[in-house]
Structures are given as C-alpha cells and as structure tokens.
Amino acid sequence: MKRGLSYAKDDHAPFDRFDWDRLRVFRAVARTGSMSAAATVLGGSLPTISRRVTDLESALHTELFHRHHTGVDLTEAGRTLLRHADLMADTIQAAQDEVGGAANDEGNYLQLICSEALALYWIAPRLSAFQLSNPDLIIDLTITDSPSDFHRLAGDIALQMSRPSESDLVVRRIGRSHYAGFVSSDWQEAHPLPISLSGLAQTGALIHAPYTEHLNRSGNAFPELGMMRRMNAMEAMVSFCQSCVAPALLPTHLMDRFAQLVVCPIPRAPALDVWLYHTPRVRKLKNGGRLLDWLHDIFAPEESDWFRQVDVTR
C-alpha cells in the first residue's frame, strides 16, 4: 500500500505547476530569447530545456512562447508568468542572503539603504573613514527615496524620511532634515533674494520630487511648493543652483559641503523627520552594532546642528 504524498496522482497539483526548476529554465529562455542560448547559460542540453518548457506549458494549460526559426517570443501569458517568476527569484535571493547573513556572526556584509540627500551629502563623505577603521566590514550603500525598496533590496539598515509601516523592524527617529531656499553667490549679485515661498517659486526654483511626495503623504504640502519645478536628482539640482540656472529648495545640511550657496530669507519650508530602522538581526551582529552606533553618532547634536529639532541655521 502506497502512503504519503507519493500516493497523490494529480499531475497538476499547485506545487507541481510552479516547480522552481521549471521556472528557472523558463526565465532563462525568456531572458535569452532562445532554447539553445538558455541551454548554454544553464549548462544543460537543448532537449532537456525544451522538455522543461513543454512540461511547464502542459502543467499550466497555456502556451508561454511563440516558437520561430530564430528563437522564441513570450506570449501574453508568458509575460505575466515572467513577472511573477522574477518576483519569486528576488524572494529566493533575499532569503538566501538573509539566512546566509544570519549564519555569519560577524555580519561582514551589510546593506545600507539611504535617501539621496542623506547618502550623497552626509553619509558618503564620512563613510570612507569609517570603512578604513573597519576593514572587516563591507558596506553596500544603496541610494533610493522609496521606503518600499528596503525589503525588495534585502536591506539591513535604512535611513529614510518616512517611518516604515512594517512591524518587524526596529525603528528610531534620529533627527529632522530642514529645508531652505538657496541661490548661488553669482545669482545673488544679479537678482534680489526671494523673501517668500511664492517669490522663490516665481524665480523658477527647483524642488526635489521625493520631498514633495513625502509632504503630500503627510498632508503638509504648501501650495507654493507645487509651483516649483520638480526634479528627481538632487545632484542635478545642486549643479543647476551653483551654475545660476535657478534657485533651489534644498536640505540645509548641504551647507556643510557647499559653503558658497546663499540661504534665502524666506519662511521655513516643512522639515522631514529622519528615520533609522533595521532588521532585528543587525543589532545582534558585531559589525551591525558597530555600524548602527556610528550612524547614531554622525546625526547626534554633538556632531552637527543640522539635524536638531529646530532649524538653527538662520
């Protein structure tokens, strides 16, 4: 008498349909555009690759590729499956990274996810000194202003302007990022300084798109800010402002690196909280705790006034 799962005769069980090995072959064929190229990439034979794809199509009762003499093209069903297979591949990779990292007591590799303004103009200028004093730790600094990227990128630690909603993260507010209108010294010589947000907007001032998105989500947006020219890249905004292309609304901590920028005497723009969060495993790691302590230190009032609760730059 046959027992257990081996007794099941259903060839179309859900697990069987989405056997990862078949999906791995399917992704390779979809990415390379041919069965033979996928066989080369995966190190298998052409008949085996072809059979795996046919088995998957049979299990799903649908055609995934249009075959032709030069290769294959995805069908609509194939494009849909590829999207889901890519998500599954990302999840598997994240699981491997996290489990592998958990087995490493030192935490020699850590992924730091950081918003652009903080990464470029506060973290990166200080990171080299920390890295030199901690040669056993590899820090991968990834720049993104989308908090949802933390899990997608298998992040360990993040610095963002929005508090995460996930309950499985350790979260702490470590400061506030203040914003002001800036012009270059050359621009100031040829134009009067704006004295209001509307006046700044009338100059064609630039504003960081992620900043406006944060404000819109919090319900703290000012009508004048919607009149400004939105840009996604803060580095381009700084370059434009320095080159007299246009004034810009920027975080005040940029004055730490660009002393030639001139602050406009306008009312304060809304500030954003700076949130530091991480997975629970990070604090248990020797190097994880070391990196967290360093991040807390460089945002502490003893290090700088830029991130205090009240804007002290005016």
# chains A, B, ... in the order shown; residues from 1 in each chain; ligands from 1
>>> residues_around(residues="Arg27 of chain A", least_positions_apart="6", cutoff="10 Å", atoms="only C-alpha atoms", output="count of residues only")
11
>>> residues_around(residues="segment 112-122 of chain A", least_positions_apart="2", cutoff="10 Å", atoms="only C-alpha atoms", output="count of residues only")
51
>>> select_by_dssp(residues="segment 37-214 of chain A", states="helix (DSSP H, G or I)", output="number ranges by chain")
A: 37-42, 46-60, 76-102, 116-133, 149-152, 185-190, 197-202, 209-214
>>> select_by_dssp(residues="segment 134-198 of chain A", states="strand (DSSP E)", output="count of residues only")
25
>>> residues_around(residues="Pro247 of chain A", least_positions_apart="5", cutoff="10 Å", atoms="only C-alpha atoms", output="list in words")
Gly181, Phe182, Val183, Ser184, Trp187, Gln188, Leu193, Pro194, Leu200, Ala201, Thr203, Gly204, Ala205, Leu206, Ile207, Met237, Val238, Phe240, Cys241, Gln242, Leu261, Val262, Val263 and Cys264 of chain A
>>> closest_residue(among="A:Gly44, A:Leu23, A:Met88, A:Leu225", to="Glu57 of chain A", atoms="only C-alpha atoms")
A:Leu23
>>> atom_distance(atom1="atom CA of Thr252 of chain A", atom2="atom CA of Gln131 of chain A")
25.9 Å
>>> atom_distance(atom1="atom CA of Ser196 of chain A", atom2="atom CA of Met231 of chain A")
20.7 Å
>>> closest_residue(among="A:Ala246, A:Ala236, A:Ala129, A:Ile266", to="Ser185 of chain A", atoms="only C-alpha atoms")
A:Ala246
>>> atom_distance(atom1="atom CA of Thr70 of chain A", atom2="atom CA of Leu87 of chain A")
28.2 Å
